[in-house]
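Participant: My structure is in query21.txt, and what it holds is compact mmCIF, C-alpha atoms and all ligand atoms:
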# COMPACT_ATOMS: atom_id res chain seq x y z
CA MET M 170 3.10 12.37 25.95
CA MET M 171 2.60 8.71 27.01
CA ASP M 172 0.00 7.04 24.81
CA ALA M 173 -0.76 10.31 23.05
CA VAL M 174 -1.69 9.68 19.45
CA ASN M 175 0.22 11.17 16.51
CA LEU M 176 -2.42 12.77 14.29
CA LEU M 177 -0.16 12.39 11.24
CA GLY M 178 -1.36 8.78 11.15
CA PHE M 179 -5.04 9.55 10.43
CA ASP M 180 -6.59 10.02 7.02
CA LEU M 181 -9.63 12.31 7.07
CA GLN M 182 -12.02 9.48 7.82
CA GLY M 183 -9.83 8.25 10.67
CA LEU M 184 -9.53 11.76 12.06
CA ALA M 185 -13.33 12.19 11.91
CA ALA M 186 -13.77 8.99 13.90
CA TYR M 187 -11.18 10.21 16.40
CA CYS M 188 -12.97 13.56 16.79
CA GLU M 189 -16.24 11.74 17.40
CA GLN M 190 -14.58 9.74 20.16
CA LEU M 191 -13.67 13.05 21.77
CA GLY M 192 -17.33 14.09 21.56
CA GLU M 193 -16.67 16.56 18.73
CA LYS M 194 -18.52 17.10 15.47
CA ARG M 195 -17.03 15.38 12.45
CA PHE M 196 -16.55 18.65 10.54
CA ARG M 197 -14.00 19.67 13.15
CA ALA M 198 -11.83 16.93 11.69
CA THR M 199 -11.75 18.71 8.34
CA GLN M 200 -10.51 21.91 9.97
CA LEU M 201 -7.91 20.02 11.94
CA PHE M 202 -6.79 18.02 8.91
CA ARG M 203 -6.32 21.21 6.89
CA TRP M 204 -4.27 22.79 9.63
CA ILE M 205 -2.01 19.78 9.79
CA HIS M 206 -1.49 18.96 6.13
CA GLN M 207 -2.19 22.20 4.26
CA LYS M 208 -0.62 24.59 6.72
CA GLY M 209 1.95 22.33 8.34
CA ALA M 210 0.82 23.24 11.85
CA ALA M 211 2.28 21.13 14.65
CA ASP M 212 0.97 23.17 17.55
CA PHE M 213 -2.72 23.14 18.49
CA ALA M 214 -2.44 26.67 19.88
CA GLN M 215 -1.91 27.94 16.30
CA MET M 216 -5.24 26.57 15.11
CA SER M 217 -7.15 29.76 15.59
CA ASP M 218 -10.53 28.68 14.19
CA LEU M 219 -10.79 25.64 16.47
CA ALA M 220 -12.67 26.10 19.75
CA LYS M 221 -10.34 26.60 22.67
CA SER M 222 -12.01 23.68 24.44
CA LEU M 223 -11.10 21.34 21.56
CA ARG M 224 -7.55 22.64 21.39
CA ASP M 225 -7.18 21.98 25.11
CA LYS M 226 -8.61 18.50 24.73
CA LEU M 227 -6.22 17.70 21.90
CA ALA M 228 -3.21 19.12 23.70
CA GLY M 229 -3.54 16.49 26.41
CA ARG M 230 -4.23 13.52 24.17
CA ALA M 231 -2.66 14.02 20.77
CA HIS M 232 0.39 15.44 19.05
CA ILE M 233 1.71 16.14 15.56
CA THR M 234 5.27 14.97 15.40
CA ALA M 235 7.55 14.51 12.40
CA LEU M 236 10.36 11.97 12.12
CA PRO M 237 13.71 13.14 13.47
CA VAL M 238 16.01 14.20 10.64
CA ILE M 239 19.43 12.58 10.84
CA SER M 240 20.90 14.38 7.85
CA GLU M 241 20.12 16.49 4.82
CA HIS M 242 22.19 16.60 1.65
CA VAL M 243 21.67 19.10 -1.12
CA SER M 244 22.95 18.17 -4.57
CA ALA M 245 24.45 20.55 -7.09
CA ASP M 246 21.36 19.90 -9.27
CA GLY M 247 18.93 20.95 -6.49
CA THR M 248 18.00 17.42 -5.42
CA ILE M 249 17.68 17.13 -1.64
CA LYS M 250 18.00 13.89 0.28
CA TRP M 251 16.84 13.52 3.87
CA LEU M 252 17.68 10.63 6.13
CA PHE M 253 15.00 10.09 8.81
CA ASP M 254 15.41 8.19 12.05
CA VAL M 255 12.69 5.54 12.49
CA GLY M 256 14.09 4.15 15.73
CA GLN M 257 16.02 1.10 16.88
CA GLY M 258 18.95 1.92 14.64
CA ASN M 259 16.84 2.13 11.48
CA ALA M 260 16.74 4.99 9.03
CA VAL M 261 14.82 5.67 5.81
CA GLU M 262 15.28 8.21 3.06
CA ALA M 263 13.20 10.64 1.05
CA VAL M 264 14.43 12.53 -2.00
CA TYR M 265 13.14 15.81 -3.43
CA ILE M 266 13.69 16.22 -7.17
CA PRO M 267 12.84 19.66 -8.60
CA GLU M 268 12.35 19.95 -12.37
CA ASP M 269 11.12 22.71 -14.66
CA ASP M 270 7.49 21.68 -14.71
CA ARG M 271 7.14 19.65 -11.52
CA ALA M 272 8.74 18.79 -8.19
CA THR M 273 8.71 15.16 -7.17
CA LEU M 274 9.17 13.64 -3.75
CA CYS M 275 10.35 10.04 -3.64
CA ILE M 276 9.42 8.41 -0.34
CA SER M 277 10.03 5.16 1.53
CA SER M 278 7.47 2.60 2.69
CA GLN M 279 9.60 0.19 4.73
CA ALA M 280 12.86 0.11 6.69
CA GLY M 281 14.73 -2.21 4.34
CA CYS M 282 12.96 -4.56 1.95
CA ALA M 283 12.26 -8.28 1.99
CA VAL M 284 12.08 -8.76 -1.78
CA GLY M 285 15.86 -8.81 -2.12
CA CYS M 286 16.39 -7.73 -5.74
CA ARG M 287 19.97 -8.36 -6.79
CA PHE M 288 20.62 -4.89 -8.14
CA CYS M 289 19.15 -2.93 -5.22
CA SER M 290 21.13 -1.80 -2.21
CA THR M 291 17.99 -1.71 -0.05
CA GLY M 292 17.34 -5.31 -1.03
CA HIS M 293 20.87 -6.24 -0.01
CA GLN M 294 20.38 -4.70 3.42
CA GLY M 295 17.47 -6.98 4.26
CA PHE M 296 14.20 -6.13 5.96
CA SER M 297 13.63 -4.56 9.33
CA ARG M 298 10.03 -3.44 9.54
CA ASN M 299 7.07 -1.82 7.88
CA LEU M 300 6.67 1.91 8.33
CA GLU M 301 3.43 3.05 9.92
CA THR M 302 1.08 5.41 8.08
CA TRP M 303 2.32 8.39 10.04
CA GLU M 304 5.93 7.55 9.20
CA ILE M 305 5.10 7.42 5.48
CA ILE M 306 3.17 10.69 5.47
CA ALA M 307 5.65 12.39 7.82
CA GLN M 308 8.21 12.32 4.99
CA LEU M 309 5.85 14.33 2.77
CA TRP M 310 4.66 16.58 5.60
CA TYR M 311 8.21 17.48 6.57
CA ALA M 312 9.49 17.94 3.01
CA GLU M 313 6.52 20.03 1.86
CA HIS M 314 6.44 22.37 4.82
CA SER M 315 10.16 22.76 5.34
CA LEU M 316 10.54 23.57 1.63
CA ARG M 317 7.73 26.15 1.79
CA GLN M 318 9.59 27.87 4.60
CA ARG M 319 12.87 27.67 2.79
CA LEU M 320 11.42 28.96 -0.49
CA ASN M 321 9.36 31.50 1.43
CA THR M 322 6.07 30.56 -0.20
CA ASP M 323 2.53 29.58 0.83
CA GLU M 324 2.04 27.74 -2.45
CA ARG M 325 2.28 23.97 -2.76
CA VAL M 326 5.87 22.95 -3.52
CA ILE M 327 5.66 19.19 -4.14
CA SER M 328 3.52 18.37 -7.18
CA ASN M 329 4.18 14.63 -7.48
CA VAL M 330 4.88 11.78 -5.10
CA VAL M 331 6.48 8.47 -6.09
CA MET M 332 6.67 5.48 -3.76
CA MET M 333 10.13 4.61 -5.05
CA GLY M 334 12.28 5.01 -1.97
CA MET M 335 13.18 2.15 0.33
CA GLY M 336 10.83 -0.80 0.56
CA GLU M 337 8.10 -2.58 -1.36
CA PRO M 338 4.96 -0.47 -0.83
CA LEU M 339 2.59 -3.32 -1.68
CA GLN M 340 4.10 -5.43 1.10
CA ASN M 341 3.00 -2.71 3.53
CA TYR M 342 -0.46 -2.31 2.13
CA GLY M 343 -2.41 -1.54 5.32
CA ALA M 344 -0.26 1.48 6.12
CA LEU M 345 0.13 2.57 2.50
CA VAL M 346 -3.53 3.08 1.57
CA PRO M 347 -4.41 5.69 4.25
CA ALA M 348 -1.19 7.53 3.37
CA LEU M 349 -2.20 7.58 -0.31
CA ARG M 350 -5.65 8.86 0.64
CA MET M 351 -4.07 11.73 2.54
CA MET M 352 -2.00 12.63 -0.53
CA LEU M 353 -5.12 12.62 -2.72
CA ASP M 354 -7.49 14.35 -0.29
CA ASP M 355 -8.49 17.87 -1.32
CA HIS M 356 -8.26 18.86 2.34
CA GLY M 357 -4.80 17.28 2.52
CA TYR M 358 -2.18 17.48 -0.24
CA GLY M 359 -4.76 17.57 -3.05
CA LEU M 360 -2.63 15.62 -5.54
CA SER M 361 -4.46 14.05 -8.47
CA ARG M 362 -4.25 10.26 -8.84
CA ARG M 363 -2.00 10.63 -11.84
CA ARG M 364 0.53 12.57 -9.79
CA VAL M 365 0.93 9.85 -7.18
CA THR M 366 2.77 6.73 -8.31
CA VAL M 367 3.12 3.41 -6.55
CA SER M 368 6.10 1.43 -7.79
CA THR M 369 6.04 -2.31 -7.19
CA SER M 370 8.18 -5.33 -7.87
CA GLY M 371 4.93 -7.15 -8.66
CA VAL M 372 2.83 -8.21 -5.66
CA VAL M 373 -0.06 -9.41 -7.82
CA PRO M 374 -2.91 -9.71 -5.26
CA MET M 375 -2.12 -6.28 -3.89
CA ILE M 376 -2.14 -4.72 -7.38
CA ASP M 377 -5.73 -5.95 -7.58
CA ARG M 378 -6.59 -4.49 -4.19
CA LEU M 379 -4.97 -1.15 -4.99
CA ARG M 380 -7.13 -0.96 -8.10
CA ASP M 381 -10.19 -1.05 -5.85
CA ASP M 382 -8.92 0.99 -2.90
CA ALA M 383 -6.76 3.80 -4.31
CA PRO M 384 -6.03 3.46 -8.04
CA VAL M 385 -3.10 5.84 -8.44
CA ALA M 386 -0.54 5.65 -11.25
CA LEU M 387 1.26 2.31 -11.30
CA ALA M 388 4.89 1.57 -12.10
CA VAL M 389 5.98 -2.05 -12.27
CA SER M 390 9.63 -2.97 -11.91
CA LEU M 391 9.98 -5.52 -14.67
CA HIS M 392 13.72 -5.68 -15.44
CA ALA M 393 13.51 -8.85 -17.56
CA PRO M 394 11.31 -10.21 -20.37
CA ASN M 395 11.32 -13.86 -19.26
CA ASP M 396 10.80 -15.75 -16.01
CA PRO M 397 14.20 -17.45 -15.68
CA LEU M 398 16.02 -14.13 -15.79
CA ARG M 399 13.44 -12.25 -13.72
CA ASP M 400 13.50 -15.04 -11.12
CA GLN M 401 17.13 -14.20 -10.54
CA LEU M 402 16.83 -10.43 -10.52
CA VAL M 403 13.51 -10.05 -8.65
CA PRO M 404 13.02 -13.13 -6.44
CA LEU M 405 9.32 -12.32 -5.97
CA ASN M 406 8.88 -13.42 -9.59
CA ARG M 407 8.99 -17.04 -8.44
CA LYS M 408 5.77 -16.43 -6.59
CA TYR M 409 4.11 -14.15 -9.16
CA PRO M 410 5.54 -14.91 -12.60
CA ILE M 411 5.43 -12.50 -15.51
CA ALA M 412 2.22 -13.77 -17.15
CA GLU M 413 0.27 -13.32 -13.90
CA LEU M 414 1.85 -9.94 -13.36
CA LEU M 415 0.86 -8.70 -16.82
CA ASP M 416 -2.69 -9.97 -16.33
CA SER M 417 -2.93 -7.96 -13.12
CA CYS M 418 -1.59 -4.88 -14.99
CA ASN M 419 -4.40 -5.23 -17.51
CA ARG M 420 -6.96 -5.49 -14.73
CA TYR M 421 -5.42 -2.42 -13.10
CA LEU M 422 -5.72 -0.44 -16.33
CA GLU M 423 -9.52 -0.64 -16.07
CA ARG M 424 -9.35 1.89 -13.21
CA ALA M 425 -5.92 3.49 -13.59
CA PRO M 426 -5.71 7.30 -13.85
CA ARG M 427 -3.54 6.97 -16.96
CA ASP M 428 -4.11 4.64 -19.85
CA PHE M 429 -0.73 2.97 -19.51
CA ILE M 430 1.41 1.16 -16.96
CA THR M 431 5.03 2.26 -16.62
CA PHE M 432 7.46 -0.65 -16.74
CA GLU M 433 10.79 0.08 -15.12
CA TYR M 434 13.79 -1.71 -16.49
CA CYS M 435 17.14 -1.29 -14.76
CA MET M 436 19.90 -1.63 -17.36
CA LEU M 437 22.50 -4.15 -16.21
CA ASP M 438 25.51 -4.64 -18.43
CA GLU M 439 25.46 -7.97 -20.29
CA VAL M 440 22.67 -9.24 -18.03
CA ASN M 441 19.41 -7.82 -19.34
CA ASP M 442 20.51 -5.29 -21.96
CA THR M 443 21.10 -7.35 -25.12
CA PRO M 444 19.27 -6.79 -28.44
CA GLU M 445 17.78 -10.31 -28.16
CA LEU M 446 16.24 -9.42 -24.82
CA ALA M 447 14.92 -6.14 -26.25
CA ARG M 448 13.17 -8.16 -28.96
CA GLU M 449 11.82 -10.55 -26.37
CA LEU M 450 10.51 -7.61 -24.37
CA ILE M 451 8.76 -6.25 -27.45
CA ALA M 452 7.15 -9.64 -28.11
CA LEU M 453 6.06 -9.81 -24.48
CA LEU M 454 4.44 -6.39 -24.30
CA LYS M 455 3.49 -5.14 -27.73
CA GLY M 456 -0.24 -5.26 -28.18
CA LYS M 457 -0.58 -7.11 -24.85
CA VAL M 458 -0.38 -4.34 -22.23
CA SER M 459 -0.74 -0.61 -22.80
CA CYS M 460 2.55 0.64 -21.41
CA LYS M 461 5.55 2.92 -21.41
CA ILE M 462 9.02 1.66 -20.64
CA ASN M 463 11.39 3.60 -18.45
CA LEU M 464 14.98 2.42 -18.76
CA ILE M 465 16.92 3.17 -15.58
CA PRO M 466 20.70 3.36 -15.71
CA PHE M 467 21.88 1.00 -12.96
CA ASN M 468 23.46 2.74 -9.98
CA PRO M 469 26.22 0.37 -9.02
CA PHE M 470 27.26 -0.55 -5.50
CA PRO M 471 30.11 -2.93 -4.74
CA ALA M 472 28.16 -5.83 -3.19
CA SER M 473 25.98 -6.22 -6.29
CA GLY M 474 28.75 -7.50 -8.54
CA LEU M 475 26.84 -5.89 -11.44
CA LYS M 476 27.75 -3.11 -13.86
CA ARG M 477 25.86 -0.25 -15.46
CA SER M 478 25.16 -0.68 -19.17
CA SER M 479 27.08 1.76 -21.34
CA ASN M 480 25.16 4.67 -22.85
CA GLU M 481 25.55 3.03 -26.25
CA ARG M 482 23.95 -0.20 -25.07
CA VAL M 483 21.11 1.69 -23.40
CA LYS M 484 20.54 3.68 -26.57
CA ALA M 485 20.60 0.58 -28.79
CA PHE M 486 18.09 -1.15 -26.48
CA ALA M 487 15.85 1.95 -26.39
CA ASP M 488 16.01 2.34 -30.18
CA LEU M 489 14.73 -1.19 -30.73
CA LEU M 490 11.77 -0.59 -28.43
CA ILE M 491 11.01 2.77 -30.02
CA GLN M 492 11.20 1.33 -33.53
CA ALA M 493 8.67 -1.27 -32.43
CA GLY M 494 6.35 1.57 -31.41
CA ILE M 495 6.76 1.28 -27.63
CA ILE M 496 7.10 4.63 -25.88
CA THR M 497 10.45 4.47 -24.12
CA THR M 498 12.31 6.93 -21.95
CA VAL M 499 15.70 6.76 -20.30
CA ARG M 500 15.66 8.06 -16.75
CA LYS M 501 17.97 10.95 -16.02
CA THR M 502 20.05 10.27 -12.96
CA ARG M 503 19.66 12.97 -10.37
CA GLY M 504 21.48 13.67 -7.16
CA ASP M 505 24.37 11.39 -8.10
CA ASP M 506 26.77 13.49 -6.05
CA ILE M 507 24.78 12.83 -2.85
CA ASP M 508 23.94 9.16 -3.53
CA ALA M 509 20.29 10.03 -3.97
CA ALA M 510 19.73 8.08 -7.17
CA CYS M 511 17.49 5.02 -7.39
CA GLY M 512 18.71 2.03 -5.48
CA GLN M 513 21.33 4.07 -3.68
CA LEU M 514 19.07 4.91 -0.80
CA ALA M 515 21.30 3.60 1.87
CA GLY M 516 19.56 4.31 5.15
CA GLU M 517 20.92 1.92 7.72
CA VAL M 518 18.54 -0.85 8.68
CA GLN M 519 18.83 -3.61 11.23
CA ASP M 520 18.16 -6.68 9.13
CA ARG M 521 15.74 -8.89 11.04
CA THR M 522 15.52 -11.45 8.26
CA ARG M 523 19.15 -11.88 7.27
CA VAL M 524 18.36 -11.46 3.62
CA HIS M 525 21.92 -10.34 3.06
CA LEU M 526 23.23 -13.69 4.29
CA ARG M 527 20.95 -15.55 1.91
CA MET M 528 22.05 -13.32 -0.88
CA VAL M 529 25.18 -15.31 -1.48
CA ARG M 530 27.33 -13.79 -4.12
CA ALA M 531 26.19 -16.13 -6.82
CA PRO M 532 26.64 -14.32 -10.09
CA VAL M 533 23.56 -13.68 -12.13
CA VAL M 534 23.57 -16.33 -14.81
CA VAL M 535 23.29 -14.77 -18.21
CA GLN M 536 21.24 -16.90 -20.51
CA ARG M 537 22.22 -16.29 -24.07
CA GLY M 538 19.37 -16.66 -26.52
CA ALA M 539 17.31 -17.39 -23.49
CA ALA M 540 14.08 -18.62 -22.83
CA SER M 541 10.98 -17.41 -24.52
CA PRO M 542 8.16 -16.23 -22.26
CA SER M 543 6.59 -19.66 -22.53
CA THR M 544 9.66 -21.53 -21.26
CA PRO M 545 8.65 -23.90 -18.46
CA ARG M 546 9.36 -22.60 -14.96
CA GLU M 547 11.69 -25.52 -14.28
CA GLY M 548 14.08 -23.75 -16.64
CA ALA M 549 15.02 -21.32 -13.87
CA ALA M 550 18.76 -20.82 -13.64
CA PRO M 551 20.64 -22.55 -10.83
CA ALA M 552 21.58 -19.33 -9.06
CA SER M 553 17.94 -18.89 -8.15
CA THR M 554 18.02 -21.72 -5.64
CA ALA M 555 20.65 -19.85 -3.67
CA ASN M 556 18.34 -16.93 -3.19
CA PRO M 557 14.93 -17.97 -1.90
CA PRO M 558 12.00 -15.58 -2.11
CA GLY M 559 11.43 -13.10 0.66
CA PRO M 560 8.66 -13.54 3.21
CA ARG M 561 5.14 -13.70 1.86
CA PRO M 562 3.37 -10.38 1.60
N1 LIG M 601 10.08 -1.73 -4.23
C1 LIG M 601 9.54 -0.97 -5.26
C2 LIG M 601 9.80 0.52 -5.11
C3 LIG M 601 11.15 0.92 -4.63
S1 LIG M 601 12.50 0.61 -5.72
C4 LIG M 601 10.01 -1.47 -6.62
O1 LIG M 601 10.90 -2.30 -6.66
O2 LIG M 601 9.44 -1.04 -7.61
C5 LIG M 601 12.27 1.92 -6.91
C6 LIG M 601 12.92 1.67 -8.26
O3 LIG M 601 14.35 1.73 -8.16
C7 LIG M 601 12.59 0.31 -8.81
O4 LIG M 601 12.20 0.38 -10.17
C8 LIG M 601 13.89 -0.41 -8.68
O5 LIG M 601 13.98 -1.44 -9.60
C9 LIG M 601 14.90 0.68 -8.92
N2 LIG M 601 16.24 0.35 -8.44
C10 LIG M 601 16.57 -0.36 -7.36
N3 LIG M 601 17.91 -0.47 -7.26
C11 LIG M 601 18.44 0.21 -8.29
C12 LIG M 601 19.77 0.49 -8.70
N4 LIG M 601 20.84 0.06 -8.01
N5 LIG M 601 19.94 1.24 -9.81
C13 LIG M 601 18.88 1.72 -10.49
N6 LIG M 601 17.60 1.50 -10.14
C14 LIG M 601 17.37 0.75 -9.05
FE1 LIG M 602 12.75 -4.02 -2.62
FE2 LIG M 602 12.20 -2.51 -4.78
FE3 LIG M 602 14.74 -2.81 -3.90
FE4 LIG M 602 13.47 -4.86 -5.05
S1 LIG M 602 14.03 -2.91 -6.02
S2 LIG M 602 14.70 -4.95 -3.16
S3 LIG M 602 11.40 -4.55 -4.30
S4 LIG M 602 13.09 -1.81 -2.80
For this file, produce the structure as structure tokens.

Facilitator:
Amino acid sequence: MMDAVNLLGFDLQGLAAYCEQLGEKRFRATQLFRWIHQKGAADFAQMSDLAKSLRDKLAGRAHITALPVISEHVSADGTIKWLFDVGQGNAVEAVYIPEDDRATLCISSQAGCAVGCRFCSTGHQGFSRNLETWEIIAQLWYAEHSLRQRLNTDERVISNVVMMGMGEPLQNYGALVPALRMMLDDHGYGLSRRRVTVSTSGVVPMIDRLRDDAPVALAVSLHAPNDPLRDQLVPLNRKYPIAELLDSCNRYLERAPRDFITFEYCMLDEVNDTPELARELIALLKGKVSCKINLIPFNPFPASGLKRSSNERVKAFADLLIQAGIITTVRKTRGDDIDAACGQLAGEVQDRTRVHLRMVRAPVVVQRGAASPSTPREGAAPASTANPPGPRP
């Protein structure tokens, strides 16, 4: 199979160009694409409506190969977590979350992550490499078709995809966009734009590009209402501070499939969960960006040195936002028993950037009565200098 190309890496346009190179009509690509993504076929011999000559041609030059599965864990609540081998000692995870009215697959975009958020175990592992398009889509391809077999159905199983696994999707933009197109394509997974969500820590220029290239639902990991605190929690904030981020959210809303942006806010005990910070968050967002807030209970891991906010503190924080008229939800934790919850995706990665060494265990400095959104940037807390931003996107 030397130099044979994995067809999982082509969106429909790419596959059409590939078929043309083989001297085939472009419409053949549509048939092939449907076999691969709608039927889960991995063997050209199965593709009965393709000319035998084309099947023979493909058999010598191309293949359809999923990522090797290292492990599968099934939670008591039905959540399934797969660990996939992406080579050279790296692994990434995907999580299937069935609910009454939908079934969501959470997938990874990178082996590790260079952003280095303090509360995220992927961030603590450092960055190894970007996944290729085929490695992103292979997670969906495998999950969808193995679940259909398991559930003994020909119907679509996965109704929603969220790019909330390992990695910062907007720092792997070139590979992400064709993968999104395959999810949206009626000949592929046929998901509507509102059922595909890209979650980002705030790579502003790429939010603008996504708006033009594939405007799916957008979730922005905010976690703090002011720059000094966000600088510490999400180091990328030093490059793209909150005001710029919110401006890009408003530009995104012009094309977004929903009329709101989801802001994710991971609740860290005594760090970002005080009533003062809730009020600051209201002042920051109310009437400025059409949004919903999703409060995420922090999933602790020892190296973080951080604690989950109590249910009472989460509720008090949520109540303030709700009273101010901001739609607020608290995320249910799923798959806790198999470590499949947010930020617990612990696929091993070989850190090529040594982020974890830079992430010295400086405590997050809690700024009481902190900083209004207009506080000058020089006001950043000292811990921030110990944790420089990750590589540029
Ligand atoms: N890099 C992207 C997408 C992957 S992270 C981003 O940051 O948005 C997906 C979500 O999980 C983000 O909202 C992130 O803030 C959250 N998260 C990370 N670590 C977490 C943890 N330990 N507990 C709870 N949520 C966490
Ligand atoms: Fe990367 Fe997202 Fe984790 Fe931050 S929260 S380190 S951006 S994966």

Participant: All residues within 7 Å of ligand LIG 602 (chain M) are required, counting only C-alpha atoms and all ligand atoms; please report them as JSON, numbers by chain.

Facilitator: {"M": [282, 283, 284, 285, 286, 289, 290, 291, 292, 334, 335, 336, 337, 369, 370, 403, 512]}

Participant: I need the residues from that last selection saved to file as a short mmCIF file (atom, residue, chain, number, x, y, z; two decimals), in the frame of the given file (with C-alpha atoms), if you can.

Facilitator:
data_model
loop_
_atom_site.label_atom_id
_atom_site.label_comp_id
_atom_site.auth_asym_id
_atom_site.auth_seq_id
_atom_site.Cartn_x
_atom_site.Cartn_y
_atom_site.Cartn_z
CA CYS M 282 12.96 -4.56 1.95
CA ALA M 283 12.26 -8.28 1.99
CA VAL M 284 12.08 -8.76 -1.78
CA GLY M 285 15.86 -8.81 -2.12
CA CYS M 286 16.39 -7.73 -5.74
CA CYS M 289 19.15 -2.93 -5.22
CA SER M 290 21.13 -1.80 -2.21
CA THR M 291 17.99 -1.71 -0.05
CA GLY M 292 17.34 -5.31 -1.03
CA GLY M 334 12.28 5.01 -1.97
CA MET M 335 13.18 2.15 0.33
CA GLY M 336 10.83 -0.80 0.56
CA GLU M 337 8.10 -2.58 -1.36
CA THR M 369 6.04 -2.31 -7.19
CA SER M 370 8.18 -5.33 -7.87
CA VAL M 403 13.51 -10.05 -8.65
CA GLY M 512 18.71 2.03 -5.48
#

Participant: Counting only C-alpha atoms, which of M:Arg363, M:Ala307, M:Gly295, M:Ser277 gets nearest to M:Pro338?

Facilitator: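 Nearest to M:Pro338: M:Ser277.
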
Participant: Tell me which of M:Ala173, M:Leu402, M:Ala312, M:Leu489 sits closest to ligand LIG 601 (chain M), counting all atoms listed in the file.

Facilitator: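 Among the listed residues, the smallest separation from ligand LIG 601 (chain M) belongs to M:Leu402.
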
Participant: From the list M:Thr302, M:Ser479, M:Thr443, M:Gln308, which residue is nearest M:Leu176 when using only C-alpha atoms?

Facilitator: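 Looking only at the distances to M:Leu176, the closest residue turns out to be M:Thr302.
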
Participant: Counting all atoms listed in the file, I want the residues whose atoms come within 10 Å of (-0.7, -2.3, -16.2) in the file frame, returned as an MDAnalysis selection string.

Facilitator: chainID M and resid 376 386:389 414:423 425 427:432 457:461

Participant: I need the residue nearest M:His314 from this list: M:Phe213, M:Tyr187, M:Tyr358, M:Tyr342. Use all atoms listed in the file for the distance.

Facilitator: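 Closest candidate: M:Tyr358.
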
Participant: May I have the residues within 9 Å of M:Ser240 as a list in words, using all atoms listed in the file and disregarding those fewer than 3 positions away in the same chain?

Facilitator: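 In the requested form, the answer reads Lys250, Trp251, Leu252 and Phe253 of chain M.
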
Participant: Could you pull the residues within 6 Å of stretch 196-209 of chain M, counting only C-alpha atoms, minus those fewer than 4 positions along the same chain, as a list in words?

Facilitator: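 In the requested form, the answer reads Leu184, Ala185, His314, His356 and Gly357 of chain M.
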
Participant: If you measure from atom CA of M:Pro394 to atom CA of M:Arg380, what distance in Å do you get, rounded to one decimal?

Facilitator: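 Computed distance, atom CA of M:Pro394 to atom CA of M:Arg380, equals 24.0 Å.
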
Participant: Considering all atoms listed in the file, state which residue in the set M:Ile451, M:Ala383, M:Ala263, M:Ala186 is at the smallest distance from ligand LIG 601 (chain M).

Facilitator: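 So, comparing all the options, the nearest one is M:Ala263.
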
Participant: In terms of the shortest atom-to-atom distance over all atoms listed in the file, which of M:Leu437, M:Leu379, M:Ile411, M:Ala447 is closest to M:Phe288?

Facilitator: M:Leu437

Participant: Provide the atom CA of M:Pro469 to atom CA of M:Leu453 distance in Å, to one decimal place.

Facilitator: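 Taking atom CA of M:Pro469 and atom CA of M:Leu453, their separation equals 27.4 Å.
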
Participant: Which residues come within 12 Å of stretch 273-275 of chain M, counting all atoms listed in the file, excluding same-chain residues fewer than 4 positions away, as a ChimeraX atom specification?

Facilitator: /M:247-251,261-269,305-306,308-313,316,325-336,352,360,364-368,503,509-512,514

Participant: Could I see stretch 401-411 of chain M restored to N, CA and C atoms, set down as a short mmCIF file (atom, residue, chain, number, x, y, z; two decimals), in the frame of the given file?

Facilitator:
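Here's the written file part13.cif:
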data_model
loop_
_atom_site.label_atom_id
_atom_site.label_comp_id
_atom_site.auth_asym_id
_atom_site.auth_seq_id
_atom_site.Cartn_x
_atom_site.Cartn_y
_atom_site.Cartn_z
N GLN M 401 15.85 -14.49 -11.17
CA GLN M 401 17.13 -14.20 -10.54
C GLN M 401 17.25 -12.77 -10.08
N LEU M 402 16.66 -11.86 -10.84
CA LEU M 402 16.83 -10.43 -10.52
C LEU M 402 15.83 -9.97 -9.47
N VAL M 403 14.60 -10.46 -9.56
CA VAL M 403 13.51 -10.05 -8.65
C VAL M 403 12.93 -11.33 -8.07
N PRO M 404 13.42 -11.81 -6.94
CA PRO M 404 13.02 -13.13 -6.44
C PRO M 404 11.51 -13.31 -6.28
N LEU M 405 10.77 -12.21 -6.11
CA LEU M 405 9.32 -12.32 -5.97
C LEU M 405 8.67 -12.90 -7.23
N ASN M 406 9.42 -12.89 -8.34
CA ASN M 406 8.88 -13.42 -9.59
C ASN M 406 8.56 -14.92 -9.49
N ARG M 407 9.27 -15.60 -8.57
CA ARG M 407 8.99 -17.04 -8.44
C ARG M 407 7.59 -17.27 -7.88
N LYS M 408 7.13 -16.30 -7.12
CA LYS M 408 5.77 -16.43 -6.59
C LYS M 408 4.74 -15.88 -7.58
N TYR M 409 5.04 -14.78 -8.21
CA TYR M 409 4.11 -14.15 -9.16
C TYR M 409 4.81 -13.95 -10.50
N PRO M 410 4.81 -14.98 -11.34
CA PRO M 410 5.54 -14.91 -12.60
C PRO M 410 4.95 -13.87 -13.57
N ILE M 411 5.72 -13.62 -14.62
CA ILE M 411 5.43 -12.50 -15.51
C ILE M 411 4.00 -12.55 -16.08
#
